[in-house]
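Colleague: Take this structure, written in C-alpha coordinates, and hold onto it; I'll ask about it next.
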Amino acid sequence: MGDATKQISLAELEHYLQAHPDVFMQHPDLLETIELHSSPEGTISLAQKQQQRLREKNMQLNEQLHALLDNAHSNAALQQRVHALCLQLLDATELDSLFSILMKELQHEFSADEVALRLFYSADKKFDLPDTAANVAQLHADDQQLRSFDNLLSKQEPVCGRLTQSQKQLLFNERAEAIQSVACLPLGHEPCAGLLAIGSEDANRFHADMATDYLSFLGEVFMRVLRYHTHG
(Lines give C-alpha, C1' and ligand atoms only; values in the text may rest on other atoms or scores of the structure.)
Protein backbone atom coordinates (compact mmCIF):
# COMPACT_ATOMS: atom_id res chain seq x y z
CA MET A 1 0.00 0.00 0.00
CA GLY A 2 1.08 3.55 -0.65
CA ASP A 3 2.23 5.82 2.11
CA ALA A 4 -0.70 8.18 2.83
CA THR A 5 1.64 10.47 4.78
CA LYS A 6 3.98 11.05 1.83
CA GLN A 7 4.90 14.71 1.45
CA ILE A 8 4.36 16.36 -1.93
CA SER A 9 6.15 19.40 -3.27
CA LEU A 10 4.50 22.73 -4.03
CA ALA A 11 5.14 22.14 -7.75
CA GLU A 12 3.32 18.78 -7.58
CA LEU A 13 0.40 20.40 -5.75
CA GLU A 14 0.22 23.19 -8.31
CA HIS A 15 0.28 20.66 -11.17
CA TYR A 16 -2.50 18.63 -9.57
CA LEU A 17 -4.73 21.67 -9.00
CA GLN A 18 -4.21 22.79 -12.60
CA ALA A 19 -5.24 19.35 -13.79
CA HIS A 20 -8.23 19.22 -11.42
CA PRO A 21 -9.55 22.79 -11.06
CA ASP A 22 -12.90 21.51 -9.71
CA VAL A 23 -11.39 19.46 -6.88
CA PHE A 24 -12.92 21.66 -4.17
CA MET A 25 -16.34 21.47 -5.82
CA GLN A 26 -16.10 17.69 -6.03
CA HIS A 27 -14.79 17.41 -2.47
CA PRO A 28 -16.14 20.39 -0.50
CA ASP A 29 -15.07 18.75 2.74
CA LEU A 30 -11.47 19.57 1.82
CA LEU A 31 -12.25 23.24 2.33
CA GLU A 32 -12.68 22.52 6.02
CA THR A 33 -9.05 21.44 6.25
CA ILE A 34 -7.64 24.54 4.58
CA GLU A 35 -6.49 27.37 6.77
CA LEU A 36 -7.34 30.71 5.19
CA HIS A 37 -6.62 34.10 6.63
CA SER A 38 -9.04 36.97 6.28
CA SER A 39 -8.10 39.31 3.49
CA PRO A 40 -6.57 42.49 4.83
CA GLU A 41 -8.64 45.60 4.41
CA GLY A 42 -8.37 46.98 0.92
CA THR A 43 -7.47 43.62 -0.70
CA ILE A 44 -9.65 41.20 -2.66
CA SER A 45 -10.29 37.47 -2.35
CA LEU A 46 -9.06 34.86 -4.82
CA ALA A 47 -12.58 34.53 -6.26
CA GLN A 48 -12.77 38.28 -6.75
CA LYS A 49 -9.33 38.28 -8.31
CA GLN A 50 -10.38 35.54 -10.73
CA GLN A 51 -13.53 37.45 -11.70
CA GLN A 52 -11.48 40.60 -12.20
CA ARG A 53 -9.07 38.80 -14.53
CA LEU A 54 -11.94 37.30 -16.51
CA ARG A 55 -13.51 40.74 -16.90
CA GLU A 56 -10.19 42.15 -18.10
CA LYS A 57 -9.85 39.36 -20.67
CA ASN A 58 -13.42 39.96 -21.86
CA MET A 59 -12.69 43.66 -22.23
CA GLN A 60 -9.58 42.89 -24.30
CA LEU A 61 -11.54 40.53 -26.55
CA ASN A 62 -14.29 43.13 -26.99
CA GLU A 63 -11.72 45.79 -27.90
CA GLN A 64 -10.16 43.46 -30.49
CA LEU A 65 -13.60 42.69 -31.93
CA HIS A 66 -14.51 46.37 -32.17
CA ALA A 67 -11.17 47.08 -33.87
CA LEU A 68 -11.88 44.38 -36.47
CA LEU A 69 -15.38 45.76 -37.08
CA ASP A 70 -14.04 49.31 -37.38
CA ASN A 71 -11.50 48.16 -39.96
CA ALA A 72 -14.20 46.31 -41.90
CA HIS A 73 -16.45 49.38 -41.95
CA SER A 74 -13.52 51.61 -42.92
CA ASN A 75 -12.56 49.32 -45.79
CA ALA A 76 -16.16 49.15 -47.03
CA ALA A 77 -16.35 52.95 -47.05
CA LEU A 78 -13.02 53.08 -48.88
CA GLN A 79 -14.37 50.76 -51.58
CA GLN A 80 -17.38 53.01 -52.14
CA ARG A 81 -15.24 56.17 -52.39
CA VAL A 82 -12.81 54.59 -54.85
CA HIS A 83 -15.66 53.21 -56.97
CA ALA A 84 -17.31 56.64 -57.25
CA LEU A 85 -14.01 58.33 -58.10
CA CYS A 86 -13.17 55.79 -60.82
CA LEU A 87 -16.49 56.51 -62.52
CA GLN A 88 -15.72 60.23 -62.51
CA LEU A 89 -12.27 59.61 -64.02
CA LEU A 90 -13.81 57.54 -66.80
CA ASP A 91 -16.19 60.40 -67.58
CA ALA A 92 -13.38 62.98 -67.91
CA THR A 93 -13.34 64.39 -71.45
CA GLU A 94 -10.12 66.45 -71.29
CA LEU A 95 -6.68 66.01 -69.73
CA ASP A 96 -7.04 69.06 -67.50
CA SER A 97 -10.39 67.85 -66.16
CA LEU A 98 -8.85 64.42 -65.50
CA PHE A 99 -6.17 65.92 -63.25
CA SER A 100 -8.66 68.26 -61.62
CA ILE A 101 -11.08 65.47 -60.77
CA LEU A 102 -8.36 63.19 -59.44
CA MET A 103 -6.72 65.73 -57.15
CA LYS A 104 -9.81 67.51 -55.87
CA GLU A 105 -11.90 64.40 -55.30
CA LEU A 106 -9.08 62.53 -53.57
CA GLN A 107 -8.62 65.41 -51.17
CA HIS A 108 -12.36 65.66 -50.57
CA GLU A 109 -13.31 61.99 -50.40
CA PHE A 110 -10.36 60.96 -48.22
CA SER A 111 -10.46 64.07 -46.02
CA ALA A 112 -6.83 64.54 -47.00
CA ASP A 113 -4.67 67.52 -46.15
CA GLU A 114 -2.50 67.10 -49.24
CA VAL A 115 -2.54 65.11 -52.49
CA ALA A 116 0.54 64.74 -54.68
CA LEU A 117 1.05 63.28 -58.14
CA ARG A 118 4.49 62.60 -59.60
CA LEU A 119 4.65 61.25 -63.15
CA PHE A 120 7.84 59.72 -64.55
CA TYR A 121 9.07 60.25 -68.08
CA SER A 122 11.93 59.14 -70.29
CA ALA A 123 13.46 61.08 -73.17
CA ASP A 124 10.86 59.91 -75.69
CA LYS A 125 7.83 59.80 -73.41
CA LYS A 126 7.07 63.22 -72.04
CA PHE A 127 3.89 65.23 -72.48
CA ASP A 128 2.86 68.72 -71.51
CA LEU A 129 1.06 68.91 -68.19
CA PRO A 130 -2.11 71.00 -68.07
CA ASP A 131 -1.90 74.30 -66.21
CA THR A 132 -3.10 73.42 -62.75
CA ALA A 133 -2.60 74.69 -59.21
CA ALA A 134 -2.62 71.12 -57.93
CA ASN A 135 0.53 69.41 -56.66
CA VAL A 136 1.37 67.69 -59.96
CA ALA A 137 4.85 67.39 -61.46
CA GLN A 138 6.94 65.29 -63.81
CA LEU A 139 10.27 63.66 -62.96
CA HIS A 140 12.74 61.83 -65.15
CA ALA A 141 12.57 58.11 -64.43
CA ASP A 142 16.30 58.14 -63.53
CA ASP A 143 16.06 61.15 -61.21
CA GLN A 144 18.25 60.53 -58.16
CA GLN A 145 15.51 61.86 -55.88
CA LEU A 146 13.51 58.72 -56.63
CA ARG A 147 16.13 56.47 -55.05
CA SER A 148 14.39 56.83 -51.69
CA PHE A 149 11.37 55.10 -53.25
CA ASP A 150 13.31 52.12 -54.68
CA ASN A 151 11.86 49.63 -52.21
CA LEU A 152 8.27 50.81 -52.69
CA LEU A 153 8.59 50.93 -56.47
CA SER A 154 10.14 47.46 -56.65
CA LYS A 155 7.15 45.93 -54.83
CA GLN A 156 4.63 47.74 -57.04
CA GLU A 157 2.12 47.79 -54.17
CA PRO A 158 0.48 50.66 -52.26
CA VAL A 159 1.71 51.41 -48.75
CA CYS A 160 -0.14 53.17 -45.95
CA GLY A 161 1.54 54.69 -42.92
CA ARG A 162 4.70 56.72 -42.38
CA LEU A 163 7.15 57.85 -45.06
CA THR A 164 10.69 59.09 -44.58
CA GLN A 165 11.42 62.81 -44.57
CA SER A 166 13.14 62.63 -47.97
CA GLN A 167 10.14 60.80 -49.44
CA LYS A 168 7.70 63.36 -48.04
CA GLN A 169 9.90 66.21 -49.27
CA LEU A 170 9.75 64.94 -52.83
CA LEU A 171 5.97 64.60 -52.67
CA PHE A 172 4.77 67.48 -50.53
CA ASN A 173 7.53 70.11 -50.77
CA GLU A 174 7.10 72.77 -48.06
CA ARG A 175 4.23 70.80 -46.49
CA ALA A 176 6.46 67.77 -45.84
CA GLU A 177 6.94 68.51 -42.12
CA ALA A 178 3.20 68.74 -41.47
CA ILE A 179 2.27 65.46 -43.17
CA GLN A 180 2.35 62.60 -40.66
CA SER A 181 0.74 59.65 -42.48
CA VAL A 182 0.41 58.82 -46.16
CA ALA A 183 -1.32 56.43 -48.55
CA CYS A 184 1.14 56.11 -51.44
CA LEU A 185 0.58 54.01 -54.57
CA PRO A 186 2.83 53.32 -57.54
CA LEU A 187 1.23 53.93 -60.93
CA GLY A 188 1.65 51.51 -63.79
CA HIS A 189 3.82 48.40 -64.02
CA GLU A 190 7.17 47.48 -65.51
CA PRO A 191 8.28 50.18 -65.42
CA CYS A 192 6.43 52.24 -62.86
CA ALA A 193 5.02 55.41 -64.42
CA GLY A 194 4.50 57.54 -61.34
CA LEU A 195 3.46 57.96 -57.72
CA LEU A 196 0.17 59.12 -56.27
CA ALA A 197 0.17 60.10 -52.59
CA ILE A 198 -2.61 61.10 -50.20
CA GLY A 199 -1.29 62.82 -47.08
CA SER A 200 -2.74 63.66 -43.69
CA GLU A 201 -1.55 65.68 -40.71
CA ASP A 202 -3.10 62.96 -38.52
CA ALA A 203 -0.49 60.29 -37.76
CA ASN A 204 -3.21 57.63 -37.49
CA ARG A 205 -5.22 58.58 -40.57
CA PHE A 206 -3.43 56.14 -42.90
CA HIS A 207 -2.12 52.93 -41.37
CA ALA A 208 -0.86 49.48 -42.33
CA ASP A 209 -4.21 47.77 -41.62
CA MET A 210 -6.02 49.70 -44.34
CA ALA A 211 -7.10 47.81 -47.44
CA THR A 212 -4.94 48.67 -50.46
CA ASP A 213 -6.61 46.59 -53.20
CA TYR A 214 -9.02 49.43 -53.95
CA LEU A 215 -6.18 51.94 -54.18
CA SER A 216 -4.38 49.67 -56.64
CA PHE A 217 -7.53 49.53 -58.74
CA LEU A 218 -7.82 53.32 -58.64
CA GLY A 219 -4.25 53.63 -59.89
CA GLU A 220 -4.89 51.24 -62.77
CA VAL A 221 -8.02 53.11 -63.85
CA PHE A 222 -6.24 56.47 -63.72
CA MET A 223 -3.30 55.23 -65.82
CA ARG A 224 -5.61 53.77 -68.46
CA VAL A 225 -7.51 57.04 -68.78
CA LEU A 226 -4.27 59.04 -68.77
CA ARG A 227 -2.83 56.96 -71.61
CA TYR A 228 -6.02 57.50 -73.58
CA HIS A 229 -5.71 61.30 -73.27
CA THR A 230 -1.96 61.48 -73.90
CA HIS A 231 -1.58 58.93 -76.71
CA GLY A 232 -4.94 59.32 -78.44
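The chains in the C-alpha coordinates are called A, B, ... from first to last as shown; in each chain the residues are counted from 1, and the ligands are counted from 1 in the order shown.
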Got a sec: who's within 10 Å of segment 74-87 of chain A, counting only C-alpha atoms, leaving out chain neighbours fewer than 5 positions off, as a short mmCIF file (atom, residue, chain, number, x, y, z; two decimals) with N, CA and C atoms, in the first residue's frame?

Modeller:
data_model
loop_
_atom_site.label_atom_id
_atom_site.label_comp_id
_atom_site.auth_asym_id
_atom_site.auth_seq_id
_atom_site.Cartn_x
_atom_site.Cartn_y
_atom_site.Cartn_z
N LEU A 68 -11.65 45.11 -35.22
CA LEU A 68 -11.88 44.38 -36.47
C LEU A 68 -13.10 44.93 -37.21
N LEU A 69 -14.18 45.22 -36.46
CA LEU A 69 -15.38 45.76 -37.08
C LEU A 69 -15.13 47.16 -37.64
N ALA A 92 -14.16 61.78 -67.57
CA ALA A 92 -13.38 62.98 -67.91
C ALA A 92 -13.17 63.06 -69.42
N ILE A 101 -10.21 66.42 -61.47
CA ILE A 101 -11.08 65.47 -60.77
C ILE A 101 -10.28 64.62 -59.81
N LEU A 102 -9.17 64.07 -60.28
CA LEU A 102 -8.36 63.19 -59.44
C LEU A 102 -7.91 63.89 -58.17
N GLU A 105 -11.05 65.42 -55.90
CA GLU A 105 -11.90 64.40 -55.30
C GLU A 105 -11.15 63.54 -54.29
N LEU A 106 -9.87 63.27 -54.56
CA LEU A 106 -9.08 62.53 -53.57
C LEU A 106 -8.99 63.31 -52.26
N GLU A 109 -12.77 63.28 -50.81
CA GLU A 109 -13.31 61.99 -50.40
C GLU A 109 -12.51 61.32 -49.28
N PHE A 110 -11.21 61.58 -49.24
CA PHE A 110 -10.36 60.96 -48.22
C PHE A 110 -10.05 61.91 -47.07
N ASP A 209 -3.06 48.69 -41.59
CA ASP A 209 -4.21 47.77 -41.62
C ASP A 209 -5.25 48.16 -42.68
N MET A 210 -5.05 49.27 -43.33
CA MET A 210 -6.02 49.70 -44.34
C MET A 210 -5.93 48.82 -45.58
N ALA A 211 -7.08 48.59 -46.19
CA ALA A 211 -7.10 47.81 -47.44
C ALA A 211 -6.45 48.63 -48.55
N THR A 212 -5.63 47.97 -49.37
CA THR A 212 -4.94 48.67 -50.46
C THR A 212 -5.37 48.18 -51.84
N ASP A 213 -6.17 47.11 -51.90
CA ASP A 213 -6.61 46.59 -53.20
C ASP A 213 -7.37 47.66 -53.98
N TYR A 214 -8.21 48.42 -53.28
CA TYR A 214 -9.02 49.43 -53.95
C TYR A 214 -8.14 50.58 -54.46
N LEU A 215 -7.09 50.90 -53.71
CA LEU A 215 -6.18 51.94 -54.18
C LEU A 215 -5.42 51.49 -55.42
N SER A 216 -5.04 50.21 -55.45
CA SER A 216 -4.38 49.67 -56.64
C SER A 216 -5.30 49.77 -57.86
N PHE A 217 -6.56 49.45 -57.65
CA PHE A 217 -7.53 49.53 -58.74
C PHE A 217 -7.68 50.96 -59.22
N LEU A 218 -7.72 51.91 -58.29
CA LEU A 218 -7.82 53.32 -58.64
C LEU A 218 -6.63 53.73 -59.51
N GLY A 219 -5.44 53.30 -59.12
CA GLY A 219 -4.25 53.63 -59.89
C GLY A 219 -4.30 53.07 -61.30
N GLU A 220 -4.79 51.85 -61.44
CA GLU A 220 -4.89 51.24 -62.77
C GLU A 220 -5.89 51.97 -63.66
N VAL A 221 -7.02 52.37 -63.08
CA VAL A 221 -8.02 53.11 -63.85
C VAL A 221 -7.45 54.45 -64.30
N PHE A 222 -6.80 55.16 -63.38
CA PHE A 222 -6.24 56.47 -63.72
C PHE A 222 -5.22 56.35 -64.85
N VAL A 225 -6.89 55.82 -68.26
CA VAL A 225 -7.51 57.04 -68.78
C VAL A 225 -6.44 58.05 -69.19
#

Colleague: In segment 67-210 of chain A, what's helix (DSSP H, G or I) per DSSP? Answer as a VMD selection string?

Modeller: chain A and resid 67 to 91 95 to 109 144 to 155 165 to 175

Colleague: Could you check how far atom CA of Glu174 of chain A sits from atom CA of His189 of chain A, in Å to one decimal?

Modeller: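 Calculated distance between atom CA of Glu174 of chain A and atom CA of His189 of chain A is 29.3 Å.
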
Colleague: For a quick check of understanding, using only C-alpha atoms, which of A:Leu13, A:Leu187, A:Met223, A:Ala137 has the smallest distance to Gln156 of chain A?

Modeller: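 Checking each candidate against Gln156 of chain A, we get A:Leu187 as the closest.
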
Colleague: Can you measure atom CA of Ala141 of chain A to atom CA of Tyr121 of chain A for me? One decimal in Å is fine.

Modeller: 5.5 Å

Colleague: Considering only C-alpha atoms, state which residue in the set A:Ser200, A:Gln169, A:Ser9, A:Gln52 is at the smallest distance from Ser181 of chain A.

Modeller: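 Distance minimum relative to Ser181 of chain A lands on A:Ser200.
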
Colleague: Here is a test: counting only C-alpha atoms, which residue of A:Lys104, A:His27, A:Arg205, A:Arg118 is nearest to His140 of chain A?

Modeller: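 Among the listed residues, A:Arg118 lies closest to His140 of chain A.
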
Colleague: Quick one: of A:Leu139, A:Leu185, A:Ala133, A:Leu98, who's nearest to Leu152 of chain A, counting only C-alpha atoms?

Modeller: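 Among the listed residues, the smallest separation from Leu152 of chain A belongs to A:Leu185.
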
Colleague: In Å, with one decimal, what is the gap from atom CA of Leu195 of chain A to atom CA of Ala134 of chain A?

Modeller: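 According to the coordinates, atom CA of Leu195 of chain A and atom CA of Ala134 of chain A are separated by 14.5 Å.
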
Colleague: Go through A:Glu201, A:Glu157, A:Asp131, A:Glu14 one by one, measure the shortest atom-to-atom distance of each to Gly188 of chain A using only C-alpha atoms, and give the residue with the smallest value.

Modeller: A:Glu157
